[in-house]
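Asks: Have a look at the structure that comes next, please.
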Amino acid sequence: MLLSVKNLKMHYKTKMGYVRAVDSISFDLDSGEGLGIVGESGCGKTSVSMTILRLLPDNAEFKGGEVLFDNGNGEPVNLVSLAESEMRRYRWKGISMIFQAAMNSLNPVYKVGDQIVEAIQNHFPDTPTDVAKKKVAELFRLVGLDPTRMEQYPHQYSGGMKQRAVIAMALSCDPRIIIADEPTTALDVIVQDRILREIRAIQKKLNMAMIYISHDIAVIAEVSDRIAVMYAGKFVELADSVTIFKRPMHPYTYGLMHAFPSVTGKKVDLVTIPGEPPDLLAPPRGCRFYPRCPKGDKLCEEKDPEYVEVDKGHFLACHHPVQPGEVVQFNAE
Amino acid sequence: MLKFFSKRIVQIVILLFIYVTIVYWLMEAMPGSFTDKYLMNPKITPEIRQNLAKQFGLDKPAFTRYLYYMKNFLKLDLGISFSYFPKKVSSLIFERLPRTVFLFVTATLVSYILGYNLGKRAAWRRGKILDKTATFVGIVFWTIFLPLLAIFNIWLFGVILKILPLNQFINPNVWRETNLSAQNIFLKLLLNAFIFLVVMMISLIFAQRVKTVAAKRTIVLLSAVVTLSVSIILWTSTGLGIYALDIILHMVLPVFTLTLYSFAGSMLVMRDTMLEVVREDYVVTAKAKGLPDRVVRDKHAARNALLPLITNFVISLGFTLSGGIITETMFSWPGLGRAYLEALNSQDTPLLIGLLVFTGIFVLLAHLIADVLYAFLDPRIRY
Amino acid sequence: MTEQSETIVQEPLWKIKLRLWLKEFKRNWALFRERKIAIFGLSVIIFFAVFGIIYPLYPTIMKNVFWKDDIISYETFTPYDPIIGFDPNIFDHPSPPSLVHPLGTDPLGRDVLSMVMYSTPREFVLGITAALITVVIGTIIGASSAYYGGVVDTFFMRLADIVMLFPSLAILMVLSAFIELTLFRLALIIGILAGFGSITIVLKAQALTVKVRPFIEAAKSTGASDAYIILKHIIPNILPLSFLYMMLNVTGAIFTEAVLSFLGLANIRMSWGVIIHMAESSGYLMGSSIGTYWWLWVPAGACITLLCSAFYFLGRGLEEIVNPRLRKR
Ligand SMILES: Nc1ncnc2c1ncn2[C@@H]1O[C@H](COP(=O)(O)OP(=O)(O)O)[C@@H](O)[C@H]1O
Ligand SMILES: [Mg+2]
């Protein structure tokens with residue numbers, strides 16, 4: 001197992017109380033595998049990846065759990081218990097990231113090429129600059145950028161080009177895992193699709209593990225082997241992508257598959273299930289999906305369902321799973 | 001590029017022209033116009049008076065006089081001082097200028113280095129002890145009544161600790177047995193400081209090239225130590241050391257006072273800008289790349305917060321004359337500020353106008369330099 | 001049902017507005033309270049306000065405590081008058097702090113505490129008047145420049161460039177030669193000079209962000225006049241920032257007055273700056289006697305510094321409310 005996350009918990013401390021953005025998350029990741037994490041925005045997807053990489057803001061409080069990372073030489077290390085100076089060595093070389101706001105991930109005052117060279121020389125200090133530059137040129141070709149553009153500044157790039165440069169940067173230290181957090185949301189649809197496919201192709205070619213994060217299950221489906229569905233700080237279902245589509249067991253997953261017209265009329269694109277996601281400051285006592293769930297009953301209100309393996313490789317947290325062939329009606333208030 | 005700067009220069013010339021005009025008419029409005037003062041000064045012989053009258057058109061109506069002044073101004077002639085007759089205003093200014101510039105450049109450099117470093121650290125560790133103390137102490141000094149700070153420092157270092165001279169430019173006892181001019185030594189000191197700065201700049205540029213932090217430090221430290229020791233050896237071997245030391249000792253208090261008073265300005269600007277920059281995604285990216293905390297802070301965050309600091313620097317130059325008036329009065333430092341106060345008291349109008357006009361030119365030039373620096377520091381800005 | 005909705009409609013508009021305003025105020029107050037620096041500033045300002053207001057009590061109380069038994073002197077002398085006071089019972093003026101004169105007396109035999117207290121309300125008047133003038137001018141010009149653009153904008157922006165070129169202290173010093181700088185005139189001049197300067201540029205930039213918001217277009221399409229739009233829609237939206245600059249400008253005005261008085265160039269009979277000027281011009285700040293006669297300059301200097309920094313602290317505290325980008329999440 002390349003990466004094994006166990007009961008990860010992280011809360012943000014705010015004036016109003018704790019925002020439970022990551023609440024007992026567990027999953028495994030094999031080398032070469034593509035795992036998708038899908039969920040409405042604000043459910044804590046970014047927080048999960050930031051907790052794994054320990055890039056959290058000041059007000060974040062780590063509340064427990066393990067992140068076991070196999071660095072290829074025997075015993076896996078627990079990233080959460082490393083000293084900051086140790087942790088630095090695992091960032092980018094072990095796990096690198098393509099950020100949600102890829103547009104702004106490049107520092108405007110340095111040449112794009114130099115920013116990638118910086119990452120390489122940080123982890124391989126003995127690399128001469130010209131060797132590092134050659135490597136960057138290769139990466140540029142790999143992601144479909146003209147290597148002469150290395151000497152340009154970010155503002156001279158178009159949106160799609162910046163995105164590609166950021167992908168090249170994520171690849172620069174041959175990481176074992178790449179986390180792509182909504183890597184294409186800022187781009188227009190056509191470019192989005194193409195870049196996502198290219199990322200997938202590169203991932204297969206270099207045999208890296210990848211975590212794709214998106215709020216759009218359709219985007220994720222194409223590129224991941226397994227899909228985890230996240231709701232209000234928790235994973236509610238995880239299975240291989242075929243199963244998730246063919247036989248969703250959690251009503252929320254089911255709801256994501258079947259588009260519903262938006263009720264409020266405001267959030268046209270994201271919300272397909274009636275109702276609002278819960279306030280993470282004070283989530284419902286029982287199942288967090290209970291207030292929006294058509295199948296919810298007393299049990300769901302009282303008791304939080306456990307996240308267990310119901311089938312081989314199929315994890316679920318639900319008291320009343322959707323049965324095969326069952327039609328769940330979400331009543332639009 | 002060329003187009004931008006020629007446009008900018010034209011703009012500056014127009015601004016300067018309007019500024020000089022306003023200054024001139026303001027002075028004309030002063031009671032007892034300066035014509036009379038020229039004509040009544042007993043030191044001025046009738047011939048000179050006639051020459052002057054001709055040069056400045058003193059017998060002409062006010063508007064013609066203004067035209068004369070502007071004509072002379074275009075020939076870079078600011079007229080002749082009344083109280084220091086027959087010294088030219090421009091030569092007076094150039095005699096006093098180095099003293100003020102030295103005082104302020106040193107204080108400004110020190111306070112910007114301090115402000116930059118404190119500001120970025122305060123923002124990086126927002127809400128921690130350093131942030132809170134630096135902000136609090138900084139604002140107190142920033143809003144302190146400058147004369148009070150000067151008096152306090154004179155009292156503490158001059159009277160109680162007795163380690164620094166109270167005020168003045170030189171100590172007459174030291175200079176009694178020599179016919180060296182203080183100005184001469186001072187200019188040499190200035191040259192020395194300039195060479196030191198240039199060497200440090202070159203070594204800093206060099207230091208950018210090497211990789212490890214330790215090597216960077218060694219290069220910068222080494223060049224500082226070498227230049228300083230060479231200067232000290234040169235000064236002592238020529239026997240001018242005590243005189244230079246005397247001037248430097250007299251400078252310490254004013255520079256210290258000015259630095260205390262002004263570092264918070266740059267510190268607060270740096271802190272506020274840093275607070276915005278650290279939220280940028282590229283700072284998180286830099287951290288995700290596994291770069292050490294210091295590199296993320298200095299190379300990625302602080303570097304992007306530099307531009308507003310430069311703006312602040314240029315604005316602060318505008319206060320050099322005002323600040324000079326107070327500081328130089330408190331420390332009896334014979335610079336431009338003192339000259340301004342003296343000129344005002346003796347109603348030396350040509351000198352007053354000259355000083356104001358010169359300050360205006362100075363500030364406008366600073367704006368131009370800021371434009372160049374912007375383009376140099378931010379690749380997005382291209383004229 | 002219908003009755004109820006009618007009663008809701010019948011609630012006067014001002015009540016709804018007041019309630020909204022109160023809610024907004026409460027939210028901001030909560031934000032403000034978190035900023036210890038701002039609370040500190042506000043406390044110091046309140047302290048000085050009280051300090052200035054209770055001044056009239058001070059001479060009366062002191063006189064009744066220390067002079068009552070001395071019937072003749074009690075009727076002839078005004079030992080606690082800040083301007084013409086004199087204490088004949090003390091031979092050596094300036095005298096150090098004592099029970100009778102908590103902060104000592106100055107070279108003319110006047111009570112220092114009395115002078116300091118007497119000056120306090122004057123500093124407030126000066127600072128606030130000047131800042132108010134600055135902000136009114138700056139807000140109006142900033143809003144109109146942003147709204148009209150074109151020639152109006154160019155004119156005022158270039159004007160600001162020129163005004164910023166003038167070293168304000170130096171110009172005020174020149175003006176002092178032919179204008180009697182009384183407290184009020186000084187406030188006026190400081191206010192006007194600052195009002196056309198950099199503040200217009202800042203407020204214009206802010207007003208520009210308001211100008212592009214949809215409600216301006218909406219107001220225009222209903223046929224509202226320019227003046228109405230500027231007054232009703234643009235200015236209220238830049239007012240928080242104006243208010244912030246007002247706080248910072250109070251600091252500047254008090255400082256400028258103090259320096260001018262200290263240099264003996266203002267025509268003000270009593271102020272904190274004048275007190276220090278008195279000490280300087282009578283030679284008590286020269287050489288080694290500085291520390292000996294500390295009560296001549298420390299109290300007044302400390303007051304200037306404290307009040308100036310208090311307004312600055314308050315301004316910075318407000319800044320985080322006005323500018324959410326500075327806020328800590
Ligand atoms: N620094 C923070 N302080 C407090 N709450 C935060 C912070 N960052 C994110 N949150 C909250 O945590 C939740 C999860 O955020 P995020 O991980 O960004 O979600 P996603 O990536 O799924 O959109 C959201 O409700 C968000 O408002
Ligand atoms: Mg996110």
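Ordered as shown in the structure tokens, chains take letters A, B, and onward, while each chain numbers its residues from 1 and ligands are numbered from 1 in the order shown.
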Residues within 7 Å of ligand 1 should be enumerated using only C-alpha atoms and all ligand atoms and returned as a compact mmCIF listing (two decimals) with all heavy atoms, in the first residue's frame.

Replies:
# COMPACT_ATOMS: atom_id res chain seq x y z
N TYR A 12 -11.08 23.16 11.95
CA TYR A 12 -10.66 24.56 11.97
C TYR A 12 -11.26 25.23 13.19
O TYR A 12 -12.45 25.07 13.46
CB TYR A 12 -11.14 25.32 10.73
CG TYR A 12 -10.54 24.84 9.45
CD1 TYR A 12 -11.30 24.15 8.52
CD2 TYR A 12 -9.21 25.10 9.14
CE1 TYR A 12 -10.77 23.72 7.33
CE2 TYR A 12 -8.66 24.67 7.95
CZ TYR A 12 -9.44 23.98 7.04
OH TYR A 12 -8.90 23.56 5.87
N LYS A 13 -10.42 25.99 13.87
CA LYS A 13 -10.94 26.71 15.02
C LYS A 13 -11.39 28.10 14.56
O LYS A 13 -10.61 28.83 13.95
CB LYS A 13 -9.83 26.85 16.06
CG LYS A 13 -10.33 27.26 17.41
CD LYS A 13 -9.20 27.29 18.40
CE LYS A 13 -9.72 27.66 19.78
NZ LYS A 13 -8.64 27.66 20.74
N THR A 14 -12.63 28.44 14.83
CA THR A 14 -13.11 29.78 14.47
C THR A 14 -13.79 30.39 15.68
O THR A 14 -13.93 29.74 16.72
CB THR A 14 -14.13 29.73 13.32
OG1 THR A 14 -15.30 29.07 13.79
CG2 THR A 14 -13.59 29.02 12.11
N VAL A 19 -14.94 24.07 13.02
CA VAL A 19 -15.47 23.63 11.74
C VAL A 19 -14.91 22.24 11.49
O VAL A 19 -13.71 22.07 11.32
CB VAL A 19 -15.03 24.57 10.60
CG1 VAL A 19 -15.51 24.04 9.26
CG2 VAL A 19 -15.56 25.97 10.82
N ALA A 21 -14.05 19.97 9.34
CA ALA A 21 -13.88 19.82 7.89
C ALA A 21 -13.40 18.43 7.51
O ALA A 21 -13.75 17.93 6.45
CB ALA A 21 -12.89 20.88 7.40
N GLY A 39 -17.46 15.47 -4.13
CA GLY A 39 -18.35 15.99 -3.09
C GLY A 39 -18.65 17.45 -3.37
O GLY A 39 -17.92 18.12 -4.10
N GLU A 40 -19.76 17.92 -2.81
CA GLU A 40 -20.14 19.32 -3.02
C GLU A 40 -19.03 20.23 -2.51
O GLU A 40 -18.29 19.87 -1.60
CB GLU A 40 -21.42 19.63 -2.24
CG GLU A 40 -22.67 19.10 -2.89
CD GLU A 40 -23.83 19.07 -1.92
OE1 GLU A 40 -23.71 18.40 -0.89
OE2 GLU A 40 -24.84 19.70 -2.20
N SER A 41 -18.95 21.43 -3.06
CA SER A 41 -17.88 22.28 -2.59
C SER A 41 -18.18 22.71 -1.16
O SER A 41 -19.33 22.92 -0.78
CB SER A 41 -17.66 23.47 -3.51
OG SER A 41 -18.77 24.27 -3.54
N GLY A 42 -17.11 22.77 -0.35
CA GLY A 42 -17.26 23.07 1.06
C GLY A 42 -17.36 21.83 1.92
O GLY A 42 -17.47 21.93 3.13
N CYS A 43 -17.31 20.64 1.31
CA CYS A 43 -17.46 19.43 2.12
C CYS A 43 -16.14 19.00 2.73
O CYS A 43 -16.12 18.10 3.56
CB CYS A 43 -18.06 18.31 1.30
SG CYS A 43 -16.93 17.61 0.09
N GLY A 44 -15.03 19.63 2.34
CA GLY A 44 -13.76 19.33 3.00
C GLY A 44 -12.75 18.60 2.14
O GLY A 44 -11.76 18.09 2.66
N LYS A 45 -12.94 18.59 0.81
CA LYS A 45 -12.01 17.86 -0.06
C LYS A 45 -10.62 18.47 -0.01
O LYS A 45 -9.61 17.77 0.17
CB LYS A 45 -12.53 17.88 -1.51
CG LYS A 45 -13.92 17.32 -1.65
CD LYS A 45 -14.43 17.41 -3.07
CE LYS A 45 -14.49 18.80 -3.64
NZ LYS A 45 -15.58 19.66 -3.19
N THR A 46 -10.56 19.79 -0.17
CA THR A 46 -9.26 20.45 -0.12
C THR A 46 -8.62 20.26 1.25
O THR A 46 -7.42 20.01 1.35
CB THR A 46 -9.43 21.95 -0.42
OG1 THR A 46 -10.05 22.10 -1.69
CG2 THR A 46 -8.10 22.65 -0.42
N SER A 47 -9.44 20.32 2.28
CA SER A 47 -8.91 20.16 3.63
C SER A 47 -8.25 18.80 3.80
O SER A 47 -7.22 18.69 4.46
CB SER A 47 -10.02 20.34 4.66
OG SER A 47 -10.61 21.60 4.52
N VAL A 48 -8.82 17.76 3.20
CA VAL A 48 -8.22 16.43 3.31
C VAL A 48 -6.82 16.44 2.72
O VAL A 48 -5.85 16.02 3.37
CB VAL A 48 -9.09 15.37 2.59
CG1 VAL A 48 -8.34 14.05 2.51
CG2 VAL A 48 -10.40 15.19 3.30
N PRO A 57 -3.63 26.11 7.37
CA PRO A 57 -3.52 27.46 7.94
C PRO A 57 -3.38 27.42 9.46
O PRO A 57 -3.57 26.37 10.07
CB PRO A 57 -4.83 28.13 7.53
CG PRO A 57 -5.77 27.02 7.25
CD PRO A 57 -4.93 25.87 6.76
N ASN A 59 -5.19 28.38 11.88
CA ASN A 59 -6.31 28.06 12.76
C ASN A 59 -6.74 26.59 12.66
O ASN A 59 -7.73 26.20 13.27
CB ASN A 59 -7.49 28.99 12.48
CG ASN A 59 -8.07 28.74 11.11
OD1 ASN A 59 -7.38 28.26 10.22
ND2 ASN A 59 -9.34 29.04 10.95
N ALA A 60 -6.00 25.80 11.88
CA ALA A 60 -6.36 24.39 11.76
C ALA A 60 -5.80 23.61 12.94
O ALA A 60 -4.69 23.87 13.39
CB ALA A 60 -5.81 23.83 10.46
N LEU A 280 -20.92 22.87 9.03
CA LEU A 280 -19.89 22.02 9.64
C LEU A 280 -19.54 22.46 11.06
O LEU A 280 -18.80 21.79 11.76
CB LEU A 280 -18.64 22.00 8.76
CG LEU A 280 -18.82 21.23 7.46
CD1 LEU A 280 -17.56 21.30 6.62
CD2 LEU A 280 -19.17 19.79 7.75
N ARG C 329 -8.93 35.30 9.58
CA ARG C 329 -10.15 34.52 9.43
C ARG C 329 -10.61 33.92 10.74
O ARG C 329 -9.81 33.57 11.57
CB ARG C 329 -9.94 33.43 8.40
CG ARG C 329 -10.32 33.95 7.03
CD ARG C 329 -10.56 32.80 6.13
NE ARG C 329 -9.29 32.23 5.75
CZ ARG C 329 -9.11 31.52 4.65
NH1 ARG C 329 -10.10 31.30 3.86
NH2 ARG C 329 -7.95 31.02 4.35

Asks: So which one's closest to chain A, C:Glu34, C:Glu180, C:Asp226, C:Glu24? Using only C-alpha atoms, please.

Replies: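 Among the listed residues, the smallest separation from chain A belongs to C:Glu34.
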
Asks: Write out as a PyMOL selection string the residues lying within 8 Å of range 78-86 of chain C, counting only C-alpha atoms and excluding same-chain residues fewer than 5 positions away.

Replies: chain C and resi 59+62-63+108-112+114-115+118+269-270

Asks: Just need the residues of chain B within 12 Å of chain A, counting only C-alpha atoms, so spit them out as an NGL selection string.

Replies: :B and (124-128 or 209-212 or 277-296 or 299-307 or 374-382)

Asks: Give me, as a Markdown table, the closest atom pair and its distance (Å, one decimal) for every residue of chain B within a cut-off of 6 Å of chain C, counting only C-alpha atoms, rows sorted by chain and rising number.

Replies:
| residue | atom | partner | partner_atom | distance |
| --- | --- | --- | --- | --- |
| B:Met30 | CA | C:Phe178 | CA | 5.8 |
| B:Val140 | CA | C:Ser309 | CA | 5.8 |
| B:Thr143 | CA | C:Ser309 | CA | 5.2 |
| B:Ile144 | CA | C:Thr305 | CA | 4.5 |
| B:Phe145 | CA | C:Thr305 | CA | 5.4 |
| B:Leu148 | CA | C:Gly301 | CA | 5.7 |
| B:Val159 | CA | C:Ser288 | CA | 5.6 |
| B:Ser322 | CA | C:Leu169 | CA | 5.5 |

Asks: Using only C-alpha atoms and all ligand atoms, can you tell me which of A:Pro294, A:Pro183, A:Pro321, A:Pro277 comes closest to ligand 2?

Replies: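 Residue with the minimum atom-to-atom distance to ligand 2: A:Pro183.
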
Asks: Once DSSP has gone over the backbone, tell me which residues of range 6-254 of chain C are in helix (DSSP H, G or I), as number ranges by chain.

Replies: C: 6-10, 13-34, 36-53, 57-66, 71-76, 112-148, 150-165, 168-175, 183-195, 198-211, 214-221, 226-254

Asks: Suppose you want the space between CA of Pro147 in chain B and CA of Ser261 in chain C; what is it in Å?

Replies: 11.6 Å

Asks: Counting only C-alpha atoms, figure out which residue out of C:Leu22, C:Ile235, C:Ala30, C:Gly264 gets nearest to chain A.

Replies: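 Checking each candidate against chain A, we get C:Ala30 as the closest.
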
Asks: Show me, as a VMD selection string, the residues that have an atom within 6 Å of Ala38 in chain C when counting only C-alpha atoms, minus same-chain residues fewer than 3 positions from it.

Replies: chain C and resid 35 41 313 to 314 317

Asks: Write a file of the just-selected residues containing C-alpha atoms, as a CSV table (one decimal), in the first residue's frame.

Replies:
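Result went into out.csv, see below:
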chain,number,residue,atom,x,y,z
C,35,ARG,CA,-8.6,44.3,18.3
C,41,GLY,CA,-6.6,53.7,21.5
C,313,PHE,CA,-4.2,52.8,17.1
C,314,LEU,CA,-7.9,53.4,16.7
C,317,GLY,CA,-8.2,48.9,14.5
